[in-house]
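Beneath this line is the structure, given in structure tokens, with notes to follow.
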Amino acid sequence: MAYSELIKNLDTLRMYIRSFYIYGFKTRDKFFAKSPRTYDDEKRRLENYLDGYMSFRSDENGKVTFVSIDSRRISHNPLYKIFKAKSFTAMDISLHFMLMDILSDGTKKTLSAILDEIIFVYLKGFSSEVAPEESTLRKKLKEYEELGLVSSEKNGKAMLYWRNKMTELSGMEDALSFFSEAAPLGVVGSFLFDNLSSNPHLQIQTESEIFSFKHHYITASIESDFVEQVFEAIREHRYLTIEQKRREDGRIFSSVEVPLMIYQSVQGGRMYLMAFRPHGKYFLALRFDYIVSMKTGGIYDGFLQRRSEFENLRKFIWGVALKQNKKHNDTSTTHVTFRIHFEDDEKFIYSRLVREKRIGNVTLLDNNNAQFDADIFDPQEIIPWARTFISRITFFDCTEKSIVRHFFDDIRKMNALYAEKSSDENSKKNSEGKNDAVQ
């Protein structure tokens with residue numbers, strides 16, 4: 001079979017993007033899950049979609065291919081392209097243009113009338129074998145109705161179909177440019193933004209550069225279809241059967257979850273599904289980049305109760321860790337507190353503490369000192385953030401004393417490291433000075 005650029009299975013290409021860009025760099029012989037031919041085909045697809053972003057380097061293990069994207073230098077997320085190259089049959093594309101043309105006048109037409117027009121007008125002179133069956137046409141119209149392209153209503157025993165009006169997008173260039181890069185389902189904005197360039201009445205740049213982002217997390221975009229499915233399940237209070245890949249050994253396992261909320265890291269952009277697992281009766285966080293597939297199930301009657309319970313737990317979640325992951329009935333928390341000092345002209349330090357406190361409380365002790373307090377499930381999650389105030393912290397304590405020891409051990413190691421570097425630099429300078437004196 002000849003190689004094709006179009007995507008039949010998004011899950012396969014998603015796996016390769018994760019392998020090339022998220023999980024770490026691999027040589028060709030490290031892709032055990034697929035055949036060498038599949039690897040070559042998927043790599044060629046990526047090279048076509050991500051032209052200019054694919055790189056490679058050679059080491060002792062061979063040639064390593066990877067995706068290299070500097071998110072500060074791009075105007076639009078290139079990873080959206082994988083959603084815009086879906087494969088289709090000859091009948092799919094033919095039916096699309098025939099249906100859009102037949103329904104373009106806005107009149108309501110029955111299924112039989114549409115089929116007759118296709119056969120006797122559009123396919124006149126062609127063999128009857130190429131004509132679509134009534135069931136195929138009905139499925140296509142139902143698909144377009146779900147997409148919002150077509151509407152229908154019942155008139156007696158017959159179903160009437162008509163084409164919906166196109167949404168007017170003029171004047172929305174800036175909004176779509178921002179939405180496509182900042183929203184969890186920005187791929188929708190990206191599709192709409194693409195339509196702007198096809199409108200002859202709109203004079204816009206294909207690559208809008210009105211916005212730039214200091215922290216632009218683009219990798220979550222390849223899970224956009226999962227995000228949409230989660231939002232739909234949350235709205236309808238449904239189960240999800242989710243297949244995930246184990247981080248330890250790469251094995252795939254399945255579980256039934258009740259989705260409650262989506263969290264996204266402000267540090268790395270990674271997304272987590274906060275859910276309730278009926279089997280075991282506990283809450284947990286699932287990483288989106290380990291989800292392989294998901295299937296929507298039936299309605300979960302206890303959704304509102306679980307959502308209320310999770311809202312109470314959220315008051316003590318700093319990142320995504322929940323105590324119930326380890327011990328189902330354990331909702332005990334750990335108290336973390338630290339104080340910072342800032343000078344009169346450094347009020348921005350205090351403002352940042354207030355802005356980033358999340359679930360904690362900030363108390364202004366005096367004009368130059370403030371205290372942060374929080375009760376959280378996992379105190380280890382707060383350490384990286386606390387370290388960002390390291391030169392300002394005058395006091396640090398935690399009811400879990402191992403966290404306190406860890407915090408101050410890291411400071412001692414850092415001091416020792418810099419002291420060693422300073423000593424080496426002084427020795428080098430002294431040595432260079434002696435050499436100069438001898439010369």
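For the structure tokens, the naming scheme is as follows: chains receive sequential letters (A, B, ...) according to their order of presentation, residues are indexed from 1 within each chain, and ligands are indexed from 1 in presentation order.
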
Can you pull out every residue from stretch 4-245 of chain A that DSSP, working from the backbone, puts in alpha helix (DSSP H), and format the result as a ChimeraX atom specification? /A:10-17,36-49,90-102,111-117,134-147,173-182,186-196,224-236

As a PyMOL selection string, which residues of stretch 163-375 of chain A does DSSP assign to strand (DSSP E)? chain A and resi 163+238-245+252-264+271-277+282-287+291-299+334-341+361-366+369-375

As a PyMOL selection string, please: the residues near stretch 145-159 of chain A (cut-off 9 Å, only C-alpha atoms, same-chain neighbours under 4 positions excluded). chain A and resi 100+103+108-111+140-141+163-166

A straight line from atom CA of A:Thr388 to atom CA of A:Glu311 spans 28.3 Å

Within 9 Å of stretch 251-256 of chain A, which residues of stretch 270-322 of chain A show up? Give each one with its shortest atom-to-atom distance in Å (one decimal) and the two atoms involved, counting only C-alpha atoms, rows by chain then rising residue number, as CSV.
```
residue,atom,partner,partner_atom,distance
A:Phe276,CA,A:Val256,CA,8.9
A:Arg277,CA,A:Val256,CA,6.5
A:Pro278,CA,A:Val256,CA,7.4
A:His279,CA,A:Val256,CA,7.7
A:Val292,CA,A:Ile252,CA,8.0
A:Gly297,CA,A:Val256,CA,8.9
```

Pick from A:Gly52, A:Gly125, A:Pro36, A:Gly302, whichever lies nearest to A:His237 using only C-alpha atoms: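 Going through A:Gly52, A:Gly125, A:Pro36, A:Gly302 one by one, the smallest distance to A:His237 is for A:Gly302.
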
Fewer than 6 positions away in the same chain doesn't count, so skip those; otherwise give me all residues within 10 Å of A:Lys323, counting only C-alpha atoms, as a list in words.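 Neighbouring residues, sequence-local ones excluded: Tyr282, Phe283, Leu284, Leu313, Phe316, Ile317, Asn329, Asp330, Thr331, Ser332, Thr333, Ile376, Phe377 and Asp378 of chain A.
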
Selected residues, N, CA, C and O atoms, written as a short mmCIF file (atom, residue, chain, number, x, y, z; two decimals), in the first residue's frame, please.
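The resulting selection.cif:
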```cif
data_model
loop_
_atom_site.label_atom_id
_atom_site.label_comp_id
_atom_site.auth_asym_id
_atom_site.auth_seq_id
_atom_site.Cartn_x
_atom_site.Cartn_y
_atom_site.Cartn_z
N TYR A 282 -12.54 6.24 45.36
CA TYR A 282 -11.62 7.31 45.74
C TYR A 282 -11.38 8.25 44.57
O TYR A 282 -11.67 7.93 43.42
N PHE A 283 -10.87 9.43 44.88
CA PHE A 283 -10.56 10.44 43.87
C PHE A 283 -9.10 10.30 43.45
O PHE A 283 -8.25 9.87 44.24
N LEU A 284 -8.82 10.70 42.23
CA LEU A 284 -7.45 10.59 41.72
C LEU A 284 -7.23 11.57 40.58
O LEU A 284 -8.17 12.17 40.05
N LEU A 313 -12.52 18.81 48.83
CA LEU A 313 -11.12 18.38 48.80
C LEU A 313 -10.22 19.42 48.14
O LEU A 313 -9.04 19.55 48.48
N PHE A 316 -7.66 21.79 49.77
CA PHE A 316 -6.40 21.32 50.33
C PHE A 316 -5.47 20.73 49.26
O PHE A 316 -4.49 20.10 49.59
N ILE A 317 -5.80 20.93 47.99
CA ILE A 317 -4.96 20.43 46.89
C ILE A 317 -4.10 21.57 46.38
O ILE A 317 -4.62 22.55 45.82
N ASN A 329 -9.69 6.70 53.00
CA ASN A 329 -10.43 7.48 53.98
C ASN A 329 -9.57 8.53 54.68
O ASN A 329 -10.01 9.14 55.65
N ASP A 330 -8.34 8.70 54.23
CA ASP A 330 -7.43 9.65 54.87
C ASP A 330 -7.55 11.02 54.21
O ASP A 330 -7.13 11.22 53.09
N THR A 331 -8.14 11.96 54.91
CA THR A 331 -8.24 13.33 54.41
C THR A 331 -7.46 14.29 55.30
O THR A 331 -7.73 15.49 55.32
N SER A 332 -6.50 13.75 56.05
CA SER A 332 -5.68 14.60 56.92
C SER A 332 -4.79 15.50 56.08
O SER A 332 -4.39 15.16 54.97
N THR A 333 -4.48 16.66 56.62
CA THR A 333 -3.67 17.64 55.89
C THR A 333 -2.40 17.96 56.68
O THR A 333 -2.26 17.62 57.85
N ILE A 376 -2.46 21.56 53.37
CA ILE A 376 -2.50 20.86 52.08
C ILE A 376 -2.30 19.36 52.28
O ILE A 376 -1.81 18.90 53.32
N PHE A 377 -2.67 18.59 51.25
CA PHE A 377 -2.53 17.14 51.31
C PHE A 377 -1.06 16.72 51.16
O PHE A 377 -0.57 15.89 51.90
N ASP A 378 -0.38 17.29 50.18
CA ASP A 378 0.99 16.87 49.89
C ASP A 378 1.93 18.07 49.99
O ASP A 378 2.02 18.88 49.06
#
```

Point-to-point distance from atom CA of A:Ile74 to atom CA of A:Ser87, Å rounded to tenths: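 Computing it gives 27.0 Å between the two atoms.
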
Point-to-point distance from atom CA of A:Val336 to atom CA of A:Val404, Å rounded to tenths: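 Answer for the atom CA of A:Val336 to atom CA of A:Val404 separation: 9.4 Å.
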
Can you tell me which residues surround stretch 76-86 of chain A at a distance of at most 10 Å, considering only C-alpha atoms, apart from same-chain residues fewer than 2 positions away, and format the answer as an MDAnalysis selection string? chainID A and resid 5:10 13:14 17 45:46 48:51 53 69 71 73:74 88 177:178 180:181 186:188 190:191 207:209 211:212 216:222 224:225
